[in-house]
Amino acid sequence: MKKMTGGQIVAECFERLGVEYYFGYNGHGVWNILDALLDKPHIKGIQPKHEASAVHMADGYFRAKHKVAPVMGSVGPGVLNLVSPLGNAALDSSGMLLIPTGPPTHYLDRSSLEELSLHGGDDIPNILRPITKRVWYAMRPDILAHQILQAYTLAGTGRPGPTAVYVPFDVSAHELEVDENSLFEKEVFTTKMGGDPEAIEKAGRLLSKAKKPLLVAGGGTLIAEAWDEVKDFVDGLQIPLVTSLPAKGILAEDHPLCLGPVGRSGWGCAVNATREADVVLAVGCRFCDAHTSGWRKGIVYNFPDAKLIHINIDQLDIGRNYSADVGIVGDANTVLKQIFDRVKASWKDQERDRQPWIVKAKNWKEEWMARIESDMKGEEDPISTNRLAYEVRKALPRDANILIDTGDIQQAFGGYGFIYEPNSFFNNSGMAQMGWATSAVLGVKLAKPEKVALAIVGDGSFLMSSYVLATAIEYNIPVIWVLINNYGQSIERHGQLINYGREVWSTFERDGKLYNPDFMKMAESYGAKGRRIQSSGEVKDAITEAIEANEPYLIEVVTDRDAPTYFCPGVSRGYPIRWDRLEYLKK
């Protein structure tokens, strides 16, 4: 038996779970846990300058390494600052263990300092429930270890996502005698389950008869680390591949059968394939509106004329947007192997019938690559966001980790950026919270310290989270930010001008003139290096300089604010402006 406080129990759980980093912000609610973690200096704590940044860093860390990291928030406002970024992580299936803290239990429902007591004792757990997989309420220190271990495991398994263990102050402070051998027992299990054999057989028969089969890889294939299985499937069966934006790069985008991302920020060759395919095997994707252009028939997909085999770890995503001819609940890695094994023996029987499809797909790819090269000729001064995405990618090592924030750059990099290594491209296309990439790039760098980590962010996004410069300097995390300075929210401005002929709140102005702070002086004040450029010819040197500096580095790029937002040819947002335009859903 050994005496331990609740805080020490939490710290010991971190140790036994193999936690490398924890994130959060100081406050009296987390004192007992932080004090215990001082005795475990090999577990590194990172305190950014805002709780939102802590969540984004843990989010980036999980995406890059698929390892859960804890995030701690102090009572009241400290925990509430975690809410929006938690929703962002939840929609992108990013696992983390949240430890929100509350007032002592004997203070509950007495309107104590920072207690959210409008509808009863501290109501934080109820706020967190819609944006987490589950919330535990640690009312006693003797159940704390069990709850922490359960929450950590759940966060990283199945469809990953945030979990939370709410810890009142007196629970983390209380000392009790514990039996370490029984208290910290860990349940070992896997959610990498295969699909139902009957469904696998049905999918195999349907796929084998296809003359124009197509594999669609979604973000779930990356979470499942199924890049080898995807490559084996494409190479072994000679099936063209398209991806959702989150899965961009699951197969090197210079592979002749990788047709790139599909959707409003996708490639023309990809949408050609989705329109013409007769059987679509979709793995780990949700078919969201940006992916499908609002689910309009024939714009991106041609369901139900085309047959759909839909594989997902989350059964709620199967049939959510398109009815599946075969739906299979299971791990992407495992189910892909099952289907491959089912069809490979008889696949060559129909090889001659599929050959024209393969030739057509390769031709589409070659034509699209030629178009991109043609679009990117000549010097631009000032540079467009589309050209910036292209030039940044060219200047980076093949295995660099690239993060993009929401806005014009999400569209531009989908169209003109290339990814060559699986799990080296990261974007928050679910909730699309502005400012995510600015902080998440630090988490990615911590997860993969040997690789270049670069985030491309808009000025609006960067201004929401510029304090991240201080965190990078304080903890010596050598990341690169490419900041697009177009004096406003460009994608909103373009959308307003197209729909209404005028704009509001989308240009940053002062006294009628374009305005932004001096970003280079800002970087200097934090202690970071920086460089300001505006032409396409300057990008490569700036990126090279930033990589060689091997310290936090800000590249400000003044861009052409009137250059249009990129959209895949023939694919629009799909937003109905009036209710009477909703009839497109029936087409």
# chains A, B, ... in the order shown; residues from 1 in each chain; ligands from 1
$ residues_around --residues "region 564-568 of chain A" --least-positions-apart "5" --cutoff "12 Å" --atoms "only C-alpha atoms" --output "PyMOL selection string"
chain A and resi 260-272+290-293+299-300+368+372+375+384-387+389+407-417+489-495+497-498+559+573-574
$ select_by_dssp --residues "region 18-141 of chain A" --states "strand (DSSP E)" --output "VMD selection string"
chain A and resid 21 to 24 44 to 46 70 to 73 96 to 102 135 to 137
$ select_by_dssp --residues "region 395-527 of chain A" --states "helix (DSSP H, G or I)" --output "mmCIF file with C-alpha atoms, in the first residue's frame"
data_model
loop_
_atom_site.group_PDB
_atom_site.id
_atom_site.type_symbol
_atom_site.label_atom_id
_atom_site.label_comp_id
_atom_site.auth_asym_id
_atom_site.auth_seq_id
_atom_site.Cartn_x
_atom_site.Cartn_y
_atom_site.Cartn_z
ATOM 1 C CA ALA A 395 10.481 24.414 -52.241
ATOM 2 C CA ASP A 408 -8.483 30.433 -49.677
ATOM 3 C CA ILE A 409 -5.392 28.391 -48.824
ATOM 4 C CA GLN A 410 -7.483 25.278 -48.170
ATOM 5 C CA GLN A 411 -8.882 25.565 -51.681
ATOM 6 C CA ALA A 412 -5.545 26.504 -53.236
ATOM 7 C CA PHE A 413 -3.462 23.762 -51.679
ATOM 8 C CA GLY A 414 -6.075 21.142 -52.497
ATOM 9 C CA GLY A 415 -5.761 22.161 -56.144
ATOM 10 C CA TYR A 416 -2.115 23.122 -56.540
ATOM 11 C CA TRP A 436 -5.994 25.900 -35.935
ATOM 12 C CA ALA A 437 -2.895 25.370 -38.070
ATOM 13 C CA THR A 438 -0.967 28.179 -36.366
ATOM 14 C CA SER A 439 -0.836 26.160 -33.138
ATOM 15 C CA ALA A 440 -1.295 22.605 -34.458
ATOM 16 C CA VAL A 441 1.983 22.849 -36.378
ATOM 17 C CA LEU A 442 3.807 22.926 -33.014
ATOM 18 C CA GLY A 443 2.149 19.659 -32.003
ATOM 19 C CA VAL A 444 3.095 18.079 -35.335
ATOM 20 C CA LYS A 445 6.720 19.159 -34.863
ATOM 21 C CA LEU A 446 6.805 17.655 -31.355
ATOM 22 C CA ALA A 447 5.472 14.390 -32.791
ATOM 23 C CA ASP A 459 -3.734 36.866 -41.862
ATOM 24 C CA GLY A 460 -7.175 36.581 -40.258
ATOM 25 C CA SER A 461 -6.335 33.162 -38.840
ATOM 26 C CA PHE A 462 -2.891 34.227 -37.666
ATOM 27 C CA LEU A 463 -4.220 37.295 -35.851
ATOM 28 C CA VAL A 468 1.800 31.063 -30.608
ATOM 29 C CA LEU A 469 5.071 32.789 -31.562
ATOM 30 C CA ALA A 470 5.836 33.155 -27.853
ATOM 31 C CA THR A 471 5.209 29.440 -27.235
ATOM 32 C CA ALA A 472 7.484 28.375 -30.088
ATOM 33 C CA ILE A 473 10.279 30.613 -28.797
ATOM 34 C CA GLU A 474 9.814 29.650 -25.149
ATOM 35 C CA SER A 490 -10.360 36.553 -48.809
ATOM 36 C CA ILE A 491 -12.672 33.573 -49.259
ATOM 37 C CA GLU A 492 -15.485 35.433 -47.471
ATOM 38 C CA ARG A 493 -14.866 38.562 -49.532
ATOM 39 C CA HIS A 494 -14.989 36.686 -52.812
ATOM 40 C CA GLY A 495 -18.132 34.822 -51.785
ATOM 41 C CA GLN A 496 -19.905 38.024 -50.739
ATOM 42 C CA LEU A 497 -18.969 39.809 -53.965
ATOM 43 C CA ILE A 498 -20.218 36.895 -56.081
ATOM 44 C CA ASN A 499 -23.512 36.529 -54.206
ATOM 45 C CA TYR A 500 -24.324 40.121 -53.245
ATOM 46 C CA PHE A 519 4.057 41.244 -38.868
ATOM 47 C CA MET A 520 7.842 41.419 -39.106
ATOM 48 C CA LYS A 521 8.049 43.711 -36.080
ATOM 49 C CA MET A 522 5.629 41.389 -34.315
ATOM 50 C CA ALA A 523 7.877 38.389 -34.977
ATOM 51 C CA GLU A 524 10.937 40.353 -33.851
ATOM 52 C CA SER A 525 9.230 41.411 -30.612
ATOM 53 C CA TYR A 526 8.631 37.745 -29.756
#
$ residues_around --residues "Asp228 (chain A)" --least-positions-apart "4" --cutoff "9 Å" --atoms "only C-alpha atoms" --output "list in words"
Asp232, Phe233, Ile250, Leu251 and Asn333 of chain A
$ residues_around --residues "Asn312 (chain A)" --least-positions-apart "5" --cutoff "9 Å" --atoms "only C-alpha atoms" --output "PDB file with N, CA and C atoms, in the first residue's frame"
ATOM      1  N   ARG A 159     -13.476   5.188 -33.668  1.00  0.00           N
ATOM      2  CA  ARG A 159     -13.313   6.504 -34.291  1.00  0.00           C
ATOM      3  C   ARG A 159     -12.755   7.419 -33.208  1.00  0.00           C
ATOM      4  N   GLY A 220     -10.311   8.568 -42.603  1.00  0.00           N
ATOM      5  CA  GLY A 220     -10.239   7.377 -41.755  1.00  0.00           C
ATOM      6  C   GLY A 220      -9.143   6.417 -42.166  1.00  0.00           C
ATOM      7  N   ALA A 282     -15.708   3.197 -51.097  1.00  0.00           N
ATOM      8  CA  ALA A 282     -15.340   4.346 -50.265  1.00  0.00           C
ATOM      9  C   ALA A 282     -14.936   3.854 -48.880  1.00  0.00           C
ATOM     10  N   VAL A 283     -13.758   4.294 -48.443  1.00  0.00           N
ATOM     11  CA  VAL A 283     -13.213   3.812 -47.180  1.00  0.00           C
ATOM     12  C   VAL A 283     -12.895   5.003 -46.277  1.00  0.00           C
ATOM     13  N   GLY A 284     -13.537   5.076 -45.110  1.00  0.00           N
ATOM     14  CA  GLY A 284     -13.185   6.071 -44.104  1.00  0.00           C
ATOM     15  C   GLY A 284     -13.541   7.490 -44.473  1.00  0.00           C
ATOM     16  N   CYS A 285     -14.607   7.692 -45.253  1.00  0.00           N
ATOM     17  CA  CYS A 285     -15.012   9.059 -45.589  1.00  0.00           C
ATOM     18  C   CYS A 285     -16.477   9.270 -45.238  1.00  0.00           C
ATOM     19  N   ARG A 286     -16.864  10.562 -45.127  1.00  0.00           N
ATOM     20  CA  ARG A 286     -18.219  10.907 -44.690  1.00  0.00           C
ATOM     21  C   ARG A 286     -19.077  11.451 -45.832  1.00  0.00           C
ATOM     22  N   ASP A 317     -21.915   6.996 -40.044  1.00  0.00           N
ATOM     23  CA  ASP A 317     -21.503   7.653 -41.282  1.00  0.00           C
ATOM     24  C   ASP A 317     -21.885   6.856 -42.525  1.00  0.00           C
ATOM     25  N   ILE A 318     -22.246   5.594 -42.347  1.00  0.00           N
ATOM     26  CA  ILE A 318     -22.666   4.771 -43.482  1.00  0.00           C
ATOM     27  C   ILE A 318     -24.138   5.059 -43.758  1.00  0.00           C
ATOM     28  N   GLY A 327     -22.860  -1.808 -46.982  1.00  0.00           N
ATOM     29  CA  GLY A 327     -22.247  -1.043 -45.900  1.00  0.00           C
ATOM     30  C   GLY A 327     -21.488  -1.979 -44.976  1.00  0.00           C
ATOM     31  N   ILE A 328     -20.249  -1.602 -44.653  1.00  0.00           N
ATOM     32  CA  ILE A 328     -19.412  -2.462 -43.812  1.00  0.00           C
ATOM     33  C   ILE A 328     -18.821  -1.635 -42.678  1.00  0.00           C
ATOM     34  N   VAL A 329     -19.150  -2.007 -41.449  1.00  0.00           N
ATOM     35  CA  VAL A 329     -18.565  -1.356 -40.277  1.00  0.00           C
ATOM     36  C   VAL A 329     -17.271  -2.080 -39.928  1.00  0.00           C
ATOM     37  N   GLY A 330     -16.178  -1.345 -39.887  1.00  0.00           N
ATOM     38  CA  GLY A 330     -14.909  -1.977 -39.549  1.00  0.00           C
ATOM     39  C   GLY A 330     -13.739  -1.049 -39.740  1.00  0.00           C
ATOM     40  N   ASP A 331     -12.581  -1.518 -39.335  1.00  0.00           N
ATOM     41  CA  ASP A 331     -11.332  -0.780 -39.463  1.00  0.00           C
ATOM     42  C   ASP A 331     -10.888  -0.754 -40.923  1.00  0.00           C
ATOM     43  N   ALA A 332     -10.494   0.417 -41.400  1.00  0.00           N
ATOM     44  CA  ALA A 332     -10.136   0.571 -42.813  1.00  0.00           C
ATOM     45  C   ALA A 332      -9.018  -0.378 -43.222  1.00  0.00           C
TER      46      ALA A 332
END
$ atom_distance --atom1 "CA of Val230 (chain A)" --atom2 "CA of Glu367 (chain A)"
23.9 Å
$ residues_around --residues "Tyr152 (chain A)" --least-positions-apart "3" --cutoff "6 Å" --atoms "only C-alpha atoms" --output "list of chain:residue names"
A:Leu97, A:Leu149, A:Ala155
$ write_last_selection --atoms "N, CA and C atoms" --output "PDB file, in the first residue's frame"
ATOM      1  N   LEU A  97      -7.069  13.369 -24.405  1.00  0.00           N
ATOM      2  CA  LEU A  97      -7.657  13.207 -23.083  1.00  0.00           C
ATOM      3  C   LEU A  97      -7.730  14.565 -22.414  1.00  0.00           C
ATOM      4  N   LEU A 149      -7.733   5.900 -17.150  1.00  0.00           N
ATOM      5  CA  LEU A 149      -7.284   4.848 -18.057  1.00  0.00           C
ATOM      6  C   LEU A 149      -8.353   4.524 -19.094  1.00  0.00           C
ATOM      7  N   ALA A 155     -10.292   7.476 -26.174  1.00  0.00           N
ATOM      8  CA  ALA A 155      -9.934   8.608 -27.036  1.00  0.00           C
ATOM      9  C   ALA A 155      -9.196   8.162 -28.292  1.00  0.00           C
TER      10      ALA A 155
END
$ atom_distance --atom1 "CA of Asn26 (chain A)" --atom2 "CA of Ile99 (chain A)"
12.5 Å
$ closest_residue --among "A:Asn363, A:Thr221, A:Ser94, A:Thr153" --to "Ala273 (chain A)" --atoms "only C-alpha atoms"
A:Asn363
$ atom_distance --atom1 "CA of Ile547 (chain A)" --atom2 "CA of Gly24 (chain A)"
28.2 Å
$ closest_atom_pairs --of "region 30-110 of chain A" --to "region 2-16 of chain A" --cutoff "9 Å" --atoms "only C-alpha atoms" --output "JSON lines"
{"residue": "A:Val30", "atom": "CA", "partner": "A:Gly7", "partner_atom": "CA", "distance": 8.4}
{"residue": "A:Trp31", "atom": "CA", "partner": "A:Gly7", "partner_atom": "CA", "distance": 8.3}
{"residue": "A:Asn32", "atom": "CA", "partner": "A:Gly7", "partner_atom": "CA", "distance": 5.0}
{"residue": "A:Ile33", "atom": "CA", "partner": "A:Gly7", "partner_atom": "CA", "distance": 4.0}
{"residue": "A:Leu34", "atom": "CA", "partner": "A:Gly7", "partner_atom": "CA", "distance": 7.5}
{"residue": "A:Asp35", "atom": "CA", "partner": "A:Gly7", "partner_atom": "CA", "distance": 7.6}
{"residue": "A:Ala36", "atom": "CA", "partner": "A:Gln8", "partner_atom": "CA", "distance": 5.0}
{"residue": "A:Leu37", "atom": "CA", "partner": "A:Ala11", "partner_atom": "CA", "distance": 5.5}
{"residue": "A:Asp39", "atom": "CA", "partner": "A:Ala11", "partner_atom": "CA", "distance": 8.8}
{"residue": "A:Lys40", "atom": "CA", "partner": "A:Ala11", "partner_atom": "CA", "distance": 7.7}
{"residue": "A:Ile43", "atom": "CA", "partner": "A:Glu15", "partner_atom": "CA", "distance": 7.5}
{"residue": "A:Pro70", "atom": "CA", "partner": "A:Phe14", "partner_atom": "CA", "distance": 8.3}
